[in-house]
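*Asks:* Structure: final-v3.cif, mmCIF, C-alpha atoms.
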data_input
loop_
_atom_site.label_atom_id
_atom_site.label_comp_id
_atom_site.auth_asym_id
_atom_site.auth_seq_id
_atom_site.Cartn_x
_atom_site.Cartn_y
_atom_site.Cartn_z
CA MET A 1414 0.00 0.00 0.00
CA LYS A 1415 1.35 3.33 -0.90
CA GLU A 1416 1.85 6.37 1.25
CA GLN A 1417 1.10 9.67 -0.45
CA GLY A 1418 2.76 12.48 1.44
CA ASN A 1419 0.63 14.16 4.07
CA LYS A 1420 -2.50 12.25 3.02
CA MET A 1421 -1.57 9.52 5.49
CA SER A 1422 -1.32 11.85 8.45
CA GLY A 1423 -3.87 11.77 11.23
CA ASP A 1424 -5.18 15.05 9.82
CA TRP A 1425 -6.58 13.25 6.79
CA LEU A 1426 -8.47 10.72 8.91
CA ILE A 1427 -9.82 13.48 11.16
CA GLU A 1428 -10.96 15.41 8.08
CA VAL A 1429 -12.81 12.38 6.69
CA LEU A 1430 -14.40 11.54 10.03
CA SER A 1431 -15.58 15.14 10.39
CA GLU A 1432 -17.06 14.99 6.91
CA ILE A 1433 -18.88 11.75 7.79
CA GLU A 1434 -20.15 13.21 11.08
CA GLU A 1435 -21.44 16.36 9.39
CA SER A 1436 -23.29 14.48 6.65
CA ASN A 1437 -26.74 14.42 8.19
CA HIS A 1438 -28.75 14.09 4.99
CA SER A 1439 -26.48 12.75 2.28
CA LEU A 1440 -22.97 11.62 1.55
CA ASP A 1441 -21.56 10.24 -1.65
CA PHE A 1442 -20.31 6.86 -0.44
CA THR A 1443 -18.74 6.09 -3.81
CA SER A 1444 -16.72 9.30 -3.74
CA LEU A 1445 -15.62 8.56 -0.18
CA PHE A 1446 -14.58 5.02 -1.16
CA GLU A 1447 -12.62 6.34 -4.15
CA ARG A 1448 -10.76 8.67 -1.79
CA LEU A 1449 -9.93 5.72 0.48
CA ILE A 1450 -8.59 3.82 -2.53
CA ASP A 1451 -6.41 6.77 -3.46
CA VAL A 1452 -5.11 7.53 0.03
CA TYR A 1453 -4.40 3.95 1.14
CA GLY A 1454 -3.46 2.49 -2.26
CA LEU A 1455 -6.33 0.02 -2.21
CA ARG A 1456 -7.88 -1.90 -5.08
CA THR A 1457 -11.52 -1.95 -3.88
CA VAL A 1458 -13.71 -0.91 -0.95
CA ALA A 1459 -17.09 -2.36 0.00
CA TYR A 1460 -19.67 -1.94 2.74
CA LEU A 1461 -22.45 -4.45 3.41
CA GLY A 1462 -24.97 -3.70 6.14
CA THR A 1463 -27.90 -5.77 7.36
CA GLY A 1464 -30.70 -4.65 9.66
CA ILE A 1465 -30.06 -1.07 8.57
CA SER A 1466 -33.60 -0.04 7.67
CA THR A 1467 -36.39 -0.15 10.23
CA ASP A 1468 -38.85 -0.45 7.32
CA ARG A 1469 -37.04 -3.32 5.56
CA PRO A 1470 -34.68 -4.91 8.13
CA ASP A 1471 -34.02 -8.01 5.98
CA GLU A 1472 -32.90 -6.00 2.96
CA PRO A 1473 -29.10 -5.62 2.80
CA TYR A 1474 -27.53 -2.24 2.16
CA PHE A 1475 -24.55 -2.58 -0.18
CA ILE A 1476 -22.13 0.03 -1.51
CA THR A 1477 -18.98 -0.90 -3.37
CA THR A 1478 -16.34 0.00 -5.88
CA TYR A 1479 -16.55 -3.56 -7.28
CA THR A 1480 -17.48 -3.68 -10.95
CA ASP A 1481 -21.14 -4.15 -11.83
CA GLU A 1482 -20.09 -7.27 -13.74
CA TRP A 1483 -18.57 -8.83 -10.62
CA VAL A 1484 -21.61 -8.01 -8.49
CA ALA A 1485 -23.95 -9.54 -11.11
CA HIS A 1486 -21.75 -12.64 -11.45
CA TYR A 1487 -21.50 -13.03 -7.66
CA LYS A 1488 -25.28 -12.92 -7.36
CA SER A 1489 -25.90 -15.24 -10.32
CA GLN A 1490 -23.53 -17.86 -8.87
CA GLY A 1491 -25.14 -17.67 -5.42
CA TYR A 1492 -21.76 -16.96 -3.86
CA VAL A 1493 -23.32 -15.30 -0.82
CA GLU A 1494 -24.10 -18.84 0.40
CA VAL A 1495 -20.45 -19.98 0.27
CA ASP A 1496 -18.52 -16.72 0.74
CA PRO A 1497 -16.54 -17.19 3.98
CA VAL A 1498 -16.22 -13.43 4.37
CA ILE A 1499 -20.01 -13.11 4.63
CA GLN A 1500 -20.63 -16.39 6.46
CA LEU A 1501 -18.02 -15.74 9.17
CA GLY A 1502 -17.83 -11.98 9.08
CA MET A 1503 -21.40 -11.37 10.15
CA ARG A 1504 -20.82 -13.53 13.23
CA ARG A 1505 -17.33 -12.41 14.23
CA ILE A 1506 -16.16 -9.35 16.09
CA LEU A 1507 -12.49 -9.26 15.08
CA PRO A 1508 -11.21 -8.26 11.63
CA ILE A 1509 -10.78 -11.05 9.10
CA ASP A 1510 -7.76 -11.24 6.82
CA TRP A 1511 -8.84 -13.18 3.76
CA LYS A 1512 -5.59 -15.18 3.96
CA ASP A 1513 -7.11 -16.91 6.99
CA PHE A 1514 -9.34 -18.86 4.58
CA ALA A 1515 -6.42 -20.76 2.98
CA PRO A 1516 -6.20 -23.49 1.86
CA LEU A 1517 -9.18 -23.04 -0.39
CA ASN A 1518 -11.09 -25.75 -2.17
CA GLY A 1519 -14.28 -26.27 -4.13
CA GLU A 1520 -16.72 -23.40 -4.48
CA VAL A 1521 -14.78 -21.12 -2.14
CA ARG A 1522 -11.66 -21.49 -4.29
CA ASN A 1523 -13.72 -20.71 -7.40
CA LEU A 1524 -15.13 -17.63 -5.69
CA PHE A 1525 -11.69 -16.18 -4.95
CA VAL A 1526 -10.21 -17.14 -8.34
CA GLU A 1527 -13.14 -15.49 -10.13
CA ALA A 1528 -13.01 -12.45 -7.85
CA ALA A 1529 -9.37 -11.91 -8.82
CA ALA A 1530 -10.29 -12.29 -12.51
CA PHE A 1531 -12.94 -9.59 -12.05
CA GLY A 1532 -10.42 -7.16 -10.56
CA LEU A 1533 -10.65 -7.60 -6.79
CA GLY A 1534 -7.27 -7.44 -5.10
CA ARG A 1535 -5.48 -10.60 -4.07
CA GLN A 1536 -5.22 -9.34 -0.46
CA GLY A 1537 -8.38 -8.67 1.51
CA LEU A 1538 -9.50 -7.52 4.94
CA SER A 1539 -13.04 -7.34 6.33
CA ILE A 1540 -13.97 -5.55 9.52
CA PRO A 1541 -17.22 -6.58 11.22
CA VAL A 1542 -19.40 -4.00 12.94
CA HIS A 1543 -22.22 -4.95 15.31
CA GLY A 1544 -24.81 -2.36 16.23
CA ARG A 1545 -27.07 -2.16 19.24
CA HIS A 1546 -30.29 -2.82 17.29
CA GLY A 1547 -29.13 -6.14 15.83
CA ASP A 1548 -27.72 -4.34 12.79
CA ARG A 1549 -24.48 -5.72 11.42
CA ALA A 1550 -22.02 -4.73 8.76
CA LEU A 1551 -18.82 -5.69 7.01
CA PHE A 1552 -16.39 -3.08 5.75
CA SER A 1553 -14.03 -4.75 3.28
CA ILE A 1554 -10.92 -3.57 1.48
CA THR A 1555 -8.69 -5.27 -1.07
CA SER A 1556 -5.22 -4.59 -2.40
CA ASP A 1557 -2.72 -6.05 -4.86
CA VAL A 1558 0.43 -5.50 -2.81
CA SER A 1559 2.90 -8.22 -1.82
CA ASP A 1560 2.40 -10.31 1.31
CA GLN A 1561 5.04 -8.32 3.21
CA GLU A 1562 3.58 -4.94 2.18
CA TRP A 1563 0.13 -6.19 3.16
CA SER A 1564 1.34 -7.29 6.58
CA ASP A 1565 3.07 -3.94 7.13
CA ALA A 1566 0.02 -1.95 5.97
CA ARG A 1567 -2.35 -3.94 8.17
CA ARG A 1568 -0.21 -3.19 11.22
CA ARG A 1569 0.13 0.45 10.28
CA PHE A 1570 -3.46 1.22 9.25
CA MET A 1571 -5.68 -1.28 11.09
CA ARG A 1572 -6.83 1.42 13.52
CA ASP A 1573 -7.81 3.67 10.61
CA PHE A 1574 -9.79 0.90 8.93
CA GLN A 1575 -11.60 -0.03 12.16
CA VAL A 1576 -12.48 3.60 12.91
CA LEU A 1577 -13.66 4.08 9.32
CA ALA A 1578 -15.76 0.89 9.47
CA ILE A 1579 -17.58 2.02 12.61
CA ASN A 1580 -18.17 5.54 11.30
CA ILE A 1581 -19.34 4.41 7.86
CA HIS A 1582 -21.80 2.05 9.55
CA ALA A 1583 -23.03 4.84 11.82
CA MET A 1584 -23.48 7.03 8.76
CA ALA A 1585 -25.45 4.33 6.93
CA LEU A 1586 -27.72 3.98 9.96
CA ARG A 1587 -28.16 7.75 10.20
CA LEU A 1588 -28.94 8.17 6.50
CA HIS A 1589 -30.95 5.04 5.83
CA GLY A 1590 -31.83 3.37 9.09
CA GLY A 1591 -34.41 5.40 10.88
CA TRP A 1592 -33.05 4.17 14.20
CA ASP A 1593 -32.99 6.58 17.08
CA ASN A 1594 -29.24 6.88 17.63
CA LYS A 1595 -29.57 8.69 20.92
CA THR A 1596 -28.38 6.79 23.95
CA ASN A 1597 -30.52 7.16 27.02
CA LEU A 1598 -28.51 6.71 30.16
CA SER A 1599 -29.90 6.66 33.64
CA PRO A 1600 -29.11 9.76 35.63
CA VAL A 1601 -26.37 9.26 38.19
CA SER A 1602 -27.33 10.04 41.73
CA GLU A 1603 -24.98 12.20 43.78
CA ASN A 1604 -25.09 9.45 46.38
CA ALA A 1605 -23.89 6.82 43.91
CA TYR A 1606 -20.28 7.62 44.64
CA ALA A 1607 -20.67 8.27 48.35
CA GLY A 1608 -18.66 5.81 50.34
#
Starting from the file, lay out its structure as C-alpha cells.
*Replies:*
Amino acid sequence: MKEQGNKMSGDWLIEVLSEIEESNHSLDFTSLFERLIDVYGLRTVAYLGTGISTDRPDEPYFITTYTDEWVAHYKSQGYVEVDPVIQLGMRRILPIDWKDFAPLNGEVRNLFVEAAAFGLGRQGLSIPVHGRHGDRALFSITSDVSDQEWSDARRRFMRDFQVLAINIHAMALRLHGGWDNKTNLSPVSENAYAG
C-alpha cells in the first residue's frame, strides 16, 4: 500500500471523520470510497450492512467499488451462500484477513479465483461492525500489494480501517436506518459515589 505524502497523516483521517459526522442528509459513499482507494493504495472498498432499515430490516444495504459485472456474477452464482467473508464476518467481532481462509477448495476457491479475474485485489480484509439494534455490517478492502507490504500496511493502518468501518456504519444507519441513535442513560445520583 502506498503512502502519499501528508495524506496519510492523522489530519486526513480526522478530516474524513468530520465529513462523515457532518453528513446528516447525504454523503456520496462512492466518492468517499474512491478517496480511500487513493489515500491507502487500495484496489476496492465495499460496505455491506444488514438490519439497517427499520422499514425493511431483511434487505441488505450494499455500496462498493466492485465492478457491476462482478456483483452480477457473484449474485448469479449464489456466492453469498459460500462466501466465507459473509458467512463468518457477520458472526465475528475481530477483523478477518482473507488469507485466513487458505487453503481453499471447491466453491470457495472458485469464488476467490473469479473475484481476482474480475479485478478484486489478491489481499483482503473485512472488519465486522455490530450495532445495538441487531444491525451488522462488514467493511471490506482489497489490495494487490505483496504479502510483506500487506502485513506492514495492516499493522500500520488497522486502527484507521476499524475507525472508518464504525463511522461508515453509523453514517449508513443515520442516513438510511431510521433508528434513534440517541443513547438514554440513567441519571447518576450524587449518592452513587458516596462511600
*Asks:* Tell me, in Å to one decimal, how far CA of Ser1553 (chain A) is from CA of Val1495 (chain A).
*Replies:*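 Going from CA of Ser1553 (chain A) over to CA of Val1495 (chain A) covers 16.8 Å.
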*Asks:* Could you give me, as a ChimeraX atom specification, the residues within 12 Å of Gly1537 (chain A), counting all atoms listed in the file and dropping anything in the same chain fewer than 4 positions from it?
*Replies:* /A:1455-1459,1498,1508-1514,1525,1528-1529,1533,1552-1560,1563-1564,1566-1567
*Asks:* Pick the closest to Thr1477 (chain A) from A:Val1521, A:Val1493, A:Val1429, A:Leu1551: which is it, counting all atoms listed in the file?
*Replies:*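 Using all atoms listed in the file, the shortest distance to Thr1477 (chain A) belongs to A:Leu1551.
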*Asks:* Which one of A:Ile1433, A:Phe1531, A:Gly1462, A:Gly1502 sits closest to Thr1480 (chain A) if you count all atoms listed in the file?
*Replies:* A:Phe1531
*Asks:* What is the distance between CA of Ile1476 (chain A) and CA of Thr1443 (chain A), in Å to one decimal?
*Replies:* 7.3 Å
*Asks:* Grab the CA of Gln1575 (chain A) to CA of Leu1507 (chain A) distance for me, in Å with one decimal place.
*Replies:*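 Between CA of Gln1575 (chain A) and CA of Leu1507 (chain A) the gap works out to 9.7 Å.
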*Asks:* Report, as JSON, the axis-aligned box around all atoms of region 1549-1558 of chain A present in the file, extended by 8 Å on each side; give centre and edge lengths in Å to one decimal place.
*Replies:*
{"center_x": -12.0, "center_y": -4.6, "center_z": 3.3, "size_x": 40.9, "size_y": 19.0, "size_z": 32.3}
